[in-house]
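Student: Structure file coords.cif, mmCIF, C-alpha atoms, is pasted below:
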```cif
data_work
loop_
_atom_site.label_atom_id
_atom_site.label_comp_id
_atom_site.auth_asym_id
_atom_site.auth_seq_id
_atom_site.Cartn_x
_atom_site.Cartn_y
_atom_site.Cartn_z
CA MET A 1 38.44 135.64 -150.80
CA THR A 2 35.09 134.30 -151.93
CA SER A 3 32.36 132.71 -149.80
CA PHE A 4 29.52 130.28 -150.37
CA GLU A 5 27.64 128.65 -147.48
CA SER A 6 30.19 126.84 -145.28
CA ARG A 7 33.03 127.55 -147.73
CA THR A 8 35.43 130.47 -147.79
CA SER A 9 38.38 130.58 -150.16
CA ASP A 10 41.72 132.09 -149.16
CA TYR A 11 42.10 133.80 -152.55
CA PRO A 12 39.41 135.56 -154.61
CA ILE A 13 38.30 132.82 -157.04
CA GLU A 14 35.21 132.71 -159.21
CA ARG A 15 32.23 131.86 -157.06
CA ILE A 16 31.15 128.90 -159.19
CA PHE A 17 34.06 126.78 -157.91
CA LEU A 18 32.67 127.07 -154.38
CA GLU A 19 29.05 126.66 -155.47
CA ARG A 20 29.88 123.28 -157.03
CA TRP A 21 29.50 120.57 -154.42
CA SER A 22 28.29 116.98 -154.29
CA PRO A 23 24.95 116.63 -152.49
CA ARG A 24 23.20 113.32 -151.85
CA ALA A 25 19.76 114.76 -151.08
CA LEU A 26 18.28 114.91 -154.58
CA ALA A 27 14.75 115.78 -155.64
CA GLY A 28 13.86 112.90 -157.98
CA VAL A 29 12.74 115.21 -160.77
CA PRO A 30 13.30 114.62 -164.49
CA MET A 31 15.93 116.61 -166.40
CA ASP A 32 14.97 117.77 -169.85
CA HIS A 33 17.16 116.40 -172.60
CA GLU A 34 18.37 119.81 -173.81
CA THR A 35 19.74 120.52 -170.33
CA LEU A 36 21.65 117.23 -170.32
CA MET A 37 23.07 117.92 -173.78
CA THR A 38 24.17 121.39 -172.59
CA ILE A 39 25.98 119.80 -169.66
CA PHE A 40 27.78 117.42 -172.05
CA GLU A 41 28.52 120.33 -174.37
CA ALA A 42 30.62 121.93 -171.64
CA ALA A 43 32.63 118.71 -171.29
CA ARG A 44 33.17 118.81 -175.04
CA TRP A 45 35.37 121.92 -174.78
CA ALA A 46 37.79 120.57 -172.17
CA PRO A 47 41.50 120.36 -173.04
CA SER A 48 43.18 117.04 -173.84
CA SER A 49 46.56 115.95 -175.19
CA TYR A 50 46.74 116.50 -178.93
CA ASN A 51 43.03 117.42 -178.71
CA SER A 52 42.37 113.67 -178.48
CA GLN A 53 39.05 114.24 -176.60
CA PRO A 54 39.13 110.86 -174.83
CA TRP A 55 35.92 111.43 -172.80
CA ARG A 56 32.92 109.19 -173.42
CA TYR A 57 29.67 109.09 -171.45
CA ILE A 58 26.86 106.60 -171.15
CA TYR A 59 23.78 108.19 -169.64
CA ALA A 60 20.28 107.30 -168.52
CA HIS A 61 17.40 109.62 -167.63
CA ARG A 62 15.31 108.53 -164.65
CA ASP A 63 12.04 106.78 -165.56
CA THR A 64 13.40 105.49 -168.85
CA PRO A 65 14.31 101.92 -169.92
CA ALA A 66 18.05 102.73 -169.74
CA TRP A 67 17.98 103.73 -166.05
CA ALA A 68 18.08 100.28 -164.43
CA GLY A 69 21.18 99.26 -166.37
CA LEU A 70 23.19 102.08 -164.78
CA PHE A 71 21.46 102.21 -161.40
CA ASN A 72 22.05 98.51 -160.76
CA LEU A 73 25.82 99.03 -161.04
CA LEU A 74 25.94 101.30 -158.00
CA VAL A 75 26.90 99.95 -154.58
CA GLU A 76 24.02 99.80 -152.13
CA GLY A 77 25.15 102.92 -150.24
CA ASN A 78 25.02 104.98 -153.41
CA GLN A 79 21.74 103.44 -154.59
CA GLY A 80 20.20 104.69 -151.33
CA TRP A 81 20.45 108.32 -152.43
CA ALA A 82 21.10 108.13 -156.19
CA ARG A 83 17.59 106.72 -156.73
CA ASP A 84 16.53 110.37 -156.54
CA ALA A 85 18.97 111.50 -159.25
CA SER A 86 17.61 112.89 -162.50
CA VAL A 87 20.29 111.37 -164.71
CA LEU A 88 22.96 108.73 -164.11
CA ILE A 89 26.17 108.72 -166.12
CA VAL A 90 29.15 106.41 -166.47
CA ALA A 91 32.23 108.39 -167.50
CA ILE A 92 34.77 106.55 -169.65
CA SER A 93 38.07 107.41 -171.32
CA LYS A 94 39.66 106.15 -174.52
CA THR A 95 43.12 104.86 -173.64
CA THR A 96 44.70 105.46 -177.04
CA MET A 97 44.94 108.43 -179.36
CA SER A 98 46.10 109.16 -182.92
CA PRO A 99 48.14 112.36 -182.86
CA ARG A 100 49.87 111.49 -186.14
CA GLY A 101 47.46 108.99 -187.68
CA GLU A 102 48.82 105.91 -185.95
CA GLU A 103 47.02 104.71 -182.79
CA VAL A 104 49.29 105.06 -179.73
CA PRO A 105 48.71 104.81 -175.96
CA SER A 106 47.55 108.07 -174.37
CA TYR A 107 49.48 108.99 -171.23
CA SER A 108 46.79 111.37 -169.97
CA HIS A 109 43.44 109.83 -170.92
CA SER A 110 42.19 109.69 -167.31
CA PHE A 111 43.54 113.14 -166.47
CA ASP A 112 41.96 114.55 -169.64
CA ALA A 113 38.65 112.83 -168.91
CA GLY A 114 38.80 114.44 -165.47
CA SER A 115 38.95 117.86 -167.09
CA GLY A 116 35.83 117.00 -169.10
CA TRP A 117 34.09 115.86 -165.92
CA GLN A 118 34.87 119.13 -164.18
CA ASN A 119 33.44 121.19 -167.05
CA LEU A 120 30.32 119.03 -166.91
CA ALA A 121 29.95 119.60 -163.16
CA LEU A 122 30.49 123.36 -163.44
CA GLN A 123 27.98 123.74 -166.29
CA ALA A 124 25.44 121.80 -164.21
CA THR A 125 26.14 124.15 -161.30
CA ALA A 126 25.73 127.22 -163.51
CA MET A 127 22.24 125.98 -164.46
CA GLY A 128 21.14 125.19 -160.88
CA TRP A 129 21.81 121.46 -161.02
CA PHE A 130 24.28 119.32 -159.09
CA ALA A 131 26.72 116.60 -160.13
CA HIS A 132 27.99 113.97 -157.69
CA GLY A 133 30.84 111.70 -158.79
CA MET A 134 31.12 108.16 -157.47
CA VAL A 135 33.69 105.40 -157.58
CA GLY A 136 31.32 103.19 -155.57
CA PHE A 137 29.99 101.10 -158.45
CA ASP A 138 30.93 97.88 -160.21
CA MET A 139 33.38 98.99 -162.91
CA ALA A 140 33.89 95.50 -164.34
CA ARG A 141 30.15 94.96 -164.70
CA ALA A 142 29.81 98.45 -166.16
CA ALA A 143 32.26 97.51 -168.90
CA SER A 144 30.57 94.21 -169.74
CA GLU A 145 26.92 95.19 -169.33
CA LEU A 146 27.15 98.57 -171.05
CA GLY A 147 29.14 97.20 -174.00
CA ILE A 148 32.28 99.22 -173.33
CA PRO A 149 34.97 97.86 -175.69
CA ASP A 150 38.61 97.09 -174.97
CA GLY A 151 40.72 100.21 -175.16
CA TYR A 152 38.41 102.21 -172.92
CA LYS A 153 38.68 102.71 -169.16
CA VAL A 154 35.67 103.15 -166.89
CA GLU A 155 36.50 106.25 -164.85
CA SER A 156 33.56 107.28 -162.68
CA ALA A 157 29.83 107.22 -162.19
CA ILE A 158 28.00 110.53 -161.92
CA ALA A 159 24.57 111.43 -160.53
CA LEU A 160 22.96 114.63 -161.78
CA GLY A 161 20.04 116.11 -159.92
CA LYS A 162 18.23 118.96 -158.25
CA LEU A 163 18.71 119.55 -154.56
CA GLY A 164 16.13 117.67 -152.45
CA ASP A 165 15.02 117.27 -148.86
CA LYS A 166 17.93 116.25 -146.69
CA SER A 167 15.68 114.88 -143.93
CA LYS A 168 14.89 111.94 -146.22
CA LEU A 169 18.53 110.78 -146.25
CA PRO A 170 19.84 108.08 -143.90
CA GLU A 171 21.11 109.76 -140.71
CA HIS A 172 24.86 109.31 -141.38
CA PHE A 173 24.44 111.01 -144.77
CA GLN A 174 22.39 113.87 -143.27
CA LYS A 175 25.39 114.88 -141.15
CA MET A 176 27.63 115.07 -144.24
CA GLU A 177 25.07 116.96 -146.32
CA GLN A 178 26.81 120.29 -146.82
CA PRO A 179 29.65 121.62 -148.98
CA ASN A 180 32.83 120.09 -147.57
CA ASP A 181 36.15 121.82 -146.88
CA ARG A 182 39.59 121.54 -148.43
CA ASN A 183 43.26 121.63 -147.46
CA PRO A 184 44.94 124.99 -148.11
CA VAL A 185 46.96 125.75 -151.24
CA SER A 186 50.20 125.64 -149.24
CA SER A 187 49.59 121.92 -148.61
CA PHE A 188 49.62 121.00 -152.30
CA ALA A 189 51.50 123.66 -154.33
CA PHE A 190 55.27 123.80 -153.92
CA GLU A 191 57.89 126.02 -155.48
CA GLY A 192 60.60 124.23 -157.47
CA ARG A 193 60.60 120.93 -155.65
CA PHE A 194 58.41 118.43 -153.83
CA PRO A 195 58.94 118.94 -150.07
CA ALA A 196 60.85 116.27 -148.17
CA ALA A 197 58.53 113.97 -146.20
CA MET B 1 24.59 128.23 -178.60
CA THR B 2 27.56 130.30 -177.48
CA SER B 3 30.37 131.73 -179.61
CA PHE B 4 33.97 132.79 -179.05
CA GLU B 5 36.34 133.50 -181.93
CA SER B 6 36.48 130.39 -184.15
CA ARG B 7 34.35 128.38 -181.72
CA THR B 8 30.58 127.96 -181.64
CA SER B 9 28.91 125.52 -179.28
CA ASP B 10 25.82 123.54 -180.27
CA TYR B 11 24.18 124.14 -176.87
CA PRO B 12 24.17 127.33 -174.78
CA ILE B 13 27.09 126.77 -172.37
CA GLU B 14 28.87 129.29 -170.18
CA ARG B 15 31.17 131.34 -172.34
CA ILE B 16 34.26 130.63 -170.23
CA PHE B 17 34.46 127.05 -171.53
CA LEU B 18 34.97 128.39 -175.06
CA GLU B 19 37.28 131.20 -173.94
CA ARG B 20 39.69 128.67 -172.43
CA TRP B 21 42.14 127.51 -175.05
CA SER B 22 45.82 126.60 -175.19
CA PRO B 23 47.93 129.22 -176.98
CA ARG B 24 51.64 128.90 -177.65
CA ALA B 25 52.32 132.57 -178.37
CA LEU B 26 53.00 133.87 -174.88
CA ALA B 27 54.20 137.30 -173.80
CA GLY B 28 57.11 136.46 -171.46
CA VAL B 29 55.78 138.65 -168.65
CA PRO B 30 55.98 137.84 -164.94
CA MET B 31 52.87 136.70 -163.03
CA ASP B 32 52.44 138.12 -159.56
CA HIS B 33 52.39 135.51 -156.84
CA GLU B 34 48.88 136.34 -155.60
CA THR B 35 47.53 135.61 -159.08
CA LEU B 36 49.26 132.22 -159.13
CA MET B 37 47.91 131.38 -155.68
CA THR B 38 44.40 132.34 -156.85
CA ILE B 39 44.75 129.97 -159.79
CA PHE B 40 45.77 127.15 -157.42
CA GLU B 41 42.93 128.11 -155.08
CA ALA B 42 40.44 127.23 -157.82
CA ALA B 43 42.05 123.80 -158.19
CA ARG B 44 41.68 123.36 -154.43
CA TRP B 45 37.87 123.20 -154.69
CA ALA B 46 37.70 120.47 -157.31
CA PRO B 47 35.87 117.24 -156.45
CA SER B 48 37.75 114.02 -155.69
CA SER B 49 36.82 110.60 -154.35
CA TYR B 50 36.27 110.71 -150.62
CA ASN B 51 37.51 114.32 -150.84
CA SER B 52 41.01 112.85 -151.05
CA GLN B 53 42.34 115.94 -152.92
CA PRO B 54 45.14 114.05 -154.72
CA TRP B 55 46.37 117.06 -156.74
CA ARG B 56 49.89 118.36 -156.12
CA TYR B 57 51.73 121.05 -158.08
CA ILE B 58 55.37 122.05 -158.38
CA TYR B 59 55.69 125.52 -159.88
CA ALA B 60 58.34 127.99 -160.98
CA HIS B 61 57.95 131.67 -161.85
CA ARG B 62 60.01 132.85 -164.82
CA ASP B 63 63.24 134.65 -163.92
CA THR B 64 63.60 132.76 -160.64
CA PRO B 65 66.11 130.06 -159.60
CA ALA B 66 63.39 127.37 -159.77
CA TRP B 67 62.60 128.00 -163.45
CA ALA B 68 65.42 126.02 -165.10
CA GLY B 69 64.58 122.86 -163.17
CA LEU B 70 61.13 122.72 -164.75
CA PHE B 71 61.96 124.27 -168.14
CA ASN B 72 64.74 121.75 -168.80
CA LEU B 73 62.25 118.87 -168.52
CA LEU B 74 60.27 120.02 -171.56
CA VAL B 75 60.88 118.52 -174.98
CA GLU B 76 62.55 120.86 -177.43
CA GLY B 77 59.34 121.62 -179.31
CA ASN B 78 57.69 122.81 -176.12
CA GLN B 79 60.76 124.73 -174.95
CA GLY B 80 60.54 126.73 -178.18
CA TRP B 81 57.35 128.49 -177.08
CA ALA B 82 57.17 127.81 -173.32
CA ARG B 83 60.26 129.98 -172.76
CA ASP B 84 57.77 132.86 -172.93
CA ALA B 85 55.52 131.41 -170.23
CA SER B 86 55.09 133.30 -166.97
CA VAL B 87 54.91 130.20 -164.77
CA LEU B 88 55.67 126.53 -165.39
CA ILE B 89 53.93 123.83 -163.40
CA VAL B 90 54.26 120.06 -163.07
CA ALA B 91 50.92 118.54 -162.05
CA ILE B 92 51.10 115.40 -159.92
CA SER B 93 48.59 113.08 -158.25
CA LYS B 94 48.80 111.05 -155.06
CA THR B 95 47.99 107.45 -155.97
CA THR B 96 46.64 106.42 -152.58
CA MET B 97 44.00 107.80 -150.22
CA SER B 98 42.78 107.21 -146.67
CA PRO B 99 38.98 107.25 -146.72
CA ARG B 100 38.77 105.30 -143.47
CA GLY B 101 42.17 105.95 -141.92
CA GLU B 102 44.03 103.15 -143.67
CA GLU B 103 46.00 104.04 -146.85
CA VAL B 104 44.47 102.34 -149.89
CA PRO B 105 44.98 102.73 -153.66
CA SER B 106 42.89 105.47 -155.22
CA TYR B 107 41.06 104.37 -158.36
CA SER B 108 40.53 107.92 -159.59
CA HIS B 109 43.64 109.91 -158.65
CA SER B 110 44.43 110.89 -162.26
CA PHE B 111 40.80 111.63 -163.09
CA ASP B 112 40.48 113.70 -159.91
CA ALA B 113 43.73 115.56 -160.64
CA GLY B 114 42.28 116.33 -164.06
CA SER B 115 39.33 118.05 -162.41
CA GLY B 116 41.76 120.19 -160.40
CA TRP B 117 43.65 121.05 -163.57
CA GLN B 118 40.47 122.18 -165.29
CA ASN B 119 39.52 124.49 -162.41
CA LEU B 120 43.02 125.93 -162.55
CA ALA B 121 42.76 126.57 -166.30
CA LEU B 122 39.31 128.15 -166.00
CA GLN B 123 40.35 130.45 -163.15
CA ALA B 124 43.35 131.56 -165.22
CA THR B 125 40.99 132.26 -168.12
CA ALA B 126 38.64 134.26 -165.89
CA MET B 127 41.59 136.50 -164.95
CA GLY B 128 42.83 137.04 -168.52
CA TRP B 129 45.60 134.42 -168.41
CA PHE B 130 46.05 131.21 -170.37
CA ALA B 131 47.02 127.68 -169.35
CA HIS B 132 48.53 125.20 -171.80
CA GLY B 133 48.87 121.57 -170.72
CA MET B 134 51.70 119.41 -172.07
CA VAL B 135 52.62 115.75 -171.99
CA GLY B 136 55.75 116.54 -173.99
CA PHE B 137 58.24 116.52 -171.13
CA ASP B 138 60.44 113.97 -169.39
CA MET B 139 58.19 112.51 -166.70
CA ALA B 140 60.83 110.17 -165.29
CA ARG B 141 63.33 113.01 -164.91
CA ALA B 142 60.58 115.19 -163.43
CA ALA B 143 60.06 112.59 -160.71
CA SER B 144 63.74 112.21 -159.87
CA GLU B 145 64.91 115.81 -160.28
CA LEU B 146 61.94 117.45 -158.53
CA GLY B 147 62.01 115.01 -155.59
CA ILE B 148 58.60 113.48 -156.26
CA PRO B 149 58.30 110.48 -153.93
CA ASP B 150 56.96 107.00 -154.66
CA GLY B 151 53.21 106.93 -154.44
CA TYR B 152 52.77 109.96 -156.69
CA LYS B 153 52.20 110.02 -160.44
CA VAL B 154 53.46 112.80 -162.70
CA GLU B 155 50.39 113.82 -164.73
CA SER B 156 51.12 116.85 -166.88
CA ALA B 157 53.20 119.96 -167.34
CA ILE B 158 51.42 123.29 -167.60
CA ALA B 159 52.52 126.66 -168.96
CA LEU B 160 50.71 129.76 -167.68
CA GLY B 161 51.06 133.03 -169.55
CA LYS B 162 49.62 136.09 -171.18
CA LEU B 163 48.87 136.03 -174.87
CA GLY B 164 51.84 137.17 -176.96
CA ASP B 165 52.76 137.92 -180.54
CA LYS B 166 52.03 134.93 -182.76
CA SER B 167 54.40 136.10 -185.51
CA LYS B 168 57.30 135.15 -183.23
CA LEU B 169 56.31 131.46 -183.23
CA PRO B 170 57.87 128.92 -185.62
CA GLU B 171 55.76 128.79 -188.78
CA HIS B 172 54.10 125.39 -188.15
CA PHE B 173 52.91 126.63 -184.75
CA GLN B 174 51.62 129.90 -186.21
CA LYS B 175 49.14 127.96 -188.35
CA MET B 176 47.75 126.16 -185.26
CA GLU B 177 47.56 129.33 -183.14
CA GLN B 178 43.82 129.66 -182.64
CA PRO B 179 41.18 127.99 -180.48
CA ASN B 180 40.72 124.49 -181.91
CA ASP B 181 37.45 122.66 -182.60
CA ARG B 182 35.83 119.60 -181.06
CA ASN B 183 33.76 116.57 -182.04
CA PRO B 184 30.02 116.99 -181.38
CA VAL B 185 28.29 115.69 -178.24
CA SER B 186 26.61 112.92 -180.26
CA SER B 187 30.06 111.43 -180.91
CA PHE B 188 30.84 110.88 -177.21
CA ALA B 189 27.59 110.73 -175.18
CA PHE B 190 25.42 107.64 -175.59
CA GLU B 191 22.12 106.63 -174.03
CA GLY B 192 22.18 103.39 -172.07
CA ARG B 193 24.96 101.60 -173.89
CA PHE B 194 28.22 102.11 -175.73
CA PRO B 195 27.49 101.96 -179.48
CA ALA B 196 28.68 98.90 -181.40
CA ALA B 197 31.86 99.59 -183.37
#
```
Could you express the structure from this file as structure tokens?
Tutor:
Amino acid sequence: MTSFESRTSDYPIERIFLERWSPRALAGVPMDHETLMTIFEAARWAPSSYNSQPWRYIYAHRDTPAWAGLFNLLVEGNQGWARDASVLIVAISKTTMSPRGEEVPSYSHSFDAGSGWQNLALQATAMGWFAHGMVGFDMARAASELGIPDGYKVESAIALGKLGDKSKLPEHFQKMEQPNDRNPVSSFAFEGRFPAA
Amino acid sequence: MTSFESRTSDYPIERIFLERWSPRALAGVPMDHETLMTIFEAARWAPSSYNSQPWRYIYAHRDTPAWAGLFNLLVEGNQGWARDASVLIVAISKTTMSPRGEEVPSYSHSFDAGSGWQNLALQATAMGWFAHGMVGFDMARAASELGIPDGYKVESAIALGKLGDKSKLPEHFQKMEQPNDRNPVSSFAFEGRFPAA
């Protein structure tokens, strides 16, 4: 088993999987551009069907002209803490691929984009940063206001940041501000067959 | 930058992201059960919306009664190499979640399951194993024959194995049998707005 703060795994996994969590108390510091590109570079090497690489990202550094366009998409509850993020990202997937030249629907574009997102989050963790995914944002407005064409699906918003002072969070978020737990492997991995309900 | 075999990253990422690739030449050796559980344990700690943990896995070790039920779902091209896998897996996601008690559709179940899959693949890599994802299998038959209930989506099949002898692969697969390349970060990460076509 492996341990990190409130988390203990049942089997001896790499520590980075436990170190990755989704804080809300962020420090409001800038992220240098090379660090952001390194985080995207990790996403680059994720697997995808036929190496279709369906992941796309729109990003904005804090204190830049692009920031408001992403920040304003977030629901109020997320704006309350994500204002102290260093970078905001909208993760997108391309819904078609061309394994043999011709453009065909991709079955796994969201699943594949999820693998890119996880690489991104782990690389951030490895460098002392944190990544917090959000579905609490206006996906339809994201598509129209950020110029996302047909044939792409908005998947998630992501806040990247450095850990900040949790006492500045609203009280209900302060209580949640620690690495959360998980159901055991036996609850989601089954030999040969899905268990009867 | 970081290098591994044919791969060189443009930014200095953790080496494990380059070490993870999807071979077809597998060794046909058994995997001990503790190793498989450790691989699933990594998936356990992936992020998901509202910590809904939508990932589910049905697995079969080679040379066990469960094996044929999964192997027979694969398309012929995948059967040709996956017969030498150590474990076969069908990855599934739960399409609903209960963030506030009531069951509601999950927007990100496939994306979240993709993050679990990537943890699984990276943990396998860290232990000297390989994970190869496949969409080339009969998803409808997977659902019916493996007892997957309504409300779950079949996402991917996965072969886990040890690297084997590439000269035993069919010739067209031998040519592909090395870590493949990727498009650069500049092709998929955009500041502020999706680029005009």
Student: Hey, list the chain A side of the contact with chain B: 7 Å cut-off, all atoms listed in the file, answer as a PyMOL selection string.
Tutor: chain A and resi 11-14+17-18+38+40-42+44-45+49+55-60+66+108+110-115+117-118+123+134-135+146-148+155+182+185+188-194
Student: Give as a list in words the residues that the PyMOL selection byres ((chain A and resi 164) around 7) matches when applied to the coordinates above.
Tutor: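 This file gives the following for the PyMOL selection byres ((chain A and resi 164) around 7): Ala25, Leu26, Ala27, Lys162, Leu163, Asp165 and Lys166 of chain A.
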Student: Let me see the file: selected residues, C-alpha atoms, as a PDB file, keeping the file's coordinate frame.
Tutor:
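Resulting contents of part_8.pdb:
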```
ATOM      1  CA  ALA A  25      19.760 114.760-151.080  1.00  0.00           C
ATOM      2  CA  LEU A  26      18.280 114.910-154.580  1.00  0.00           C
ATOM      3  CA  ALA A  27      14.750 115.780-155.640  1.00  0.00           C
ATOM      4  CA  LYS A 162      18.230 118.960-158.250  1.00  0.00           C
ATOM      5  CA  LEU A 163      18.710 119.550-154.560  1.00  0.00           C
ATOM      6  CA  ASP A 165      15.020 117.270-148.860  1.00  0.00           C
ATOM      7  CA  LYS A 166      17.930 116.250-146.690  1.00  0.00           C
TER       8      LYS A 166
END
```
Student: Atom CA of B:Gly28 and atom CA of B:Met176, how far apart in Å?
Tutor: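 Straight-line distance from atom CA of B:Met176 to atom CA of B:Gly28 works out to 19.6 Å.
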Student: Atom CA of A:Leu73 and atom CA of A:Arg141, how far apart in Å?
Tutor: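 Atom CA of A:Leu73 lies at a distance of 7.0 Å from atom CA of A:Arg141.
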Student: Find the residues near B:Asp63: any atom within 10 Å, counting only C-alpha atoms, skip ones fewer than 6 places away on the same chain, and give them as a tab-separated table (two decimals) with C-alpha atoms, in the frame of the given file.
Tutor:
```tsv
chain	number	residue	atom	x	y	z
B	28	GLY	CA	57.11	136.46	-171.46
B	29	VAL	CA	55.78	138.65	-168.65
B	30	PRO	CA	55.98	137.84	-164.94
B	86	SER	CA	55.09	133.30	-166.97
B	87	VAL	CA	54.91	130.20	-164.77
```
Student: Go ahead and compute the interatomic distance for atom CA of B:Asn78 and atom CA of B:Arg24, in Å to one decimal.
Tutor: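 The value is 8.7 Å.
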Student: Using all atoms listed in the file, can you tell me which of B:Pro105, B:Pro170, B:Gly161, B:Gly151 comes closest to B:Trp129?
Tutor: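 Selected residue with least distance to B:Trp129: B:Gly161.
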Student: Of the candidates B:Val75, B:Leu160, B:Ala85, B:Val104, which shows the shortest atom-to-atom distance to B:Thr125, using only C-alpha atoms?
Tutor: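 Smallest distance to B:Thr125 is found for B:Leu160.
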Student: Rank nothing, just name the residue among B:Asp84, B:Ile158, B:Thr96, B:Ala140 nearest to B:Leu120, using only C-alpha atoms.
Tutor: B:Ile158
Student: Generate the missing atoms of stretch 55-70 of chain B up to N, CA and C atoms and report them as a PDB file, in the frame of the given file.
Tutor:
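Generated file (selection-v1.pdb):
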```pdb
ATOM      1  N   TRP B  55      45.562 116.157-155.910  1.00  0.00           N
ATOM      2  CA  TRP B  55      46.370 117.060-156.740  1.00  0.00           C
ATOM      3  C   TRP B  55      47.533 117.659-155.966  1.00  0.00           C
ATOM      4  N   ARG B  56      48.690 117.670-156.631  1.00  0.00           N
ATOM      5  CA  ARG B  56      49.890 118.360-156.120  1.00  0.00           C
ATOM      6  C   ARG B  56      50.487 119.120-157.286  1.00  0.00           C
ATOM      7  N   TYR B  57      51.135 120.238-157.016  1.00  0.00           N
ATOM      8  CA  TYR B  57      51.730 121.050-158.080  1.00  0.00           C
ATOM      9  C   TYR B  57      53.114 121.514-157.648  1.00  0.00           C
ATOM     10  N   ILE B  58      54.063 121.405-158.557  1.00  0.00           N
ATOM     11  CA  ILE B  58      55.370 122.050-158.380  1.00  0.00           C
ATOM     12  C   ILE B  58      55.424 123.172-159.408  1.00  0.00           C
ATOM     13  N   TYR B  59      55.752 124.374-158.964  1.00  0.00           N
ATOM     14  CA  TYR B  59      55.690 125.520-159.880  1.00  0.00           C
ATOM     15  C   TYR B  59      56.996 126.300-159.848  1.00  0.00           C
ATOM     16  N   ALA B  60      57.194 127.072-160.909  1.00  0.00           N
ATOM     17  CA  ALA B  60      58.340 127.990-160.980  1.00  0.00           C
ATOM     18  C   ALA B  60      57.913 129.248-161.738  1.00  0.00           C
ATOM     19  N   HIS B  61      58.123 130.396-161.138  1.00  0.00           N
ATOM     20  CA  HIS B  61      57.950 131.670-161.850  1.00  0.00           C
ATOM     21  C   HIS B  61      59.136 131.880-162.777  1.00  0.00           C
ATOM     22  N   ARG B  62      58.903 132.513-163.922  1.00  0.00           N
ATOM     23  CA  ARG B  62      60.010 132.850-164.820  1.00  0.00           C
ATOM     24  C   ARG B  62      60.986 133.783-164.087  1.00  0.00           C
ATOM     25  N   ASP B  63      62.221 133.780-164.512  1.00  0.00           N
ATOM     26  CA  ASP B  63      63.240 134.650-163.920  1.00  0.00           C
ATOM     27  C   ASP B  63      63.451 134.398-162.430  1.00  0.00           C
ATOM     28  N   THR B  64      63.284 133.142-162.016  1.00  0.00           N
ATOM     29  CA  THR B  64      63.600 132.760-160.640  1.00  0.00           C
ATOM     30  C   THR B  64      64.502 131.530-160.688  1.00  0.00           C
ATOM     31  N   PRO B  65      65.203 131.226-159.598  1.00  0.00           N
ATOM     32  CA  PRO B  65      66.110 130.060-159.600  1.00  0.00           C
ATOM     33  C   PRO B  65      65.397 128.736-159.894  1.00  0.00           C
ATOM     34  N   ALA B  66      64.107 128.642-159.567  1.00  0.00           N
ATOM     35  CA  ALA B  66      63.390 127.370-159.770  1.00  0.00           C
ATOM     36  C   ALA B  66      63.073 127.096-161.238  1.00  0.00           C
ATOM     37  N   TRP B  67      63.073 128.120-162.061  1.00  0.00           N
ATOM     38  CA  TRP B  67      62.600 128.000-163.450  1.00  0.00           C
ATOM     39  C   TRP B  67      63.324 126.919-164.260  1.00  0.00           C
ATOM     40  N   ALA B  68      64.642 126.931-164.244  1.00  0.00           N
ATOM     41  CA  ALA B  68      65.420 126.020-165.100  1.00  0.00           C
ATOM     42  C   ALA B  68      65.090 124.555-164.810  1.00  0.00           C
ATOM     43  N   GLY B  69      64.863 124.238-163.550  1.00  0.00           N
ATOM     44  CA  GLY B  69      64.580 122.860-163.170  1.00  0.00           C
ATOM     45  C   GLY B  69      63.331 122.312-163.831  1.00  0.00           C
ATOM     46  N   LEU B  70      62.357 123.155-164.061  1.00  0.00           N
ATOM     47  CA  LEU B  70      61.130 122.720-164.750  1.00  0.00           C
ATOM     48  C   LEU B  70      61.290 122.870-166.271  1.00  0.00           C
TER      49      LEU B  70
END
```
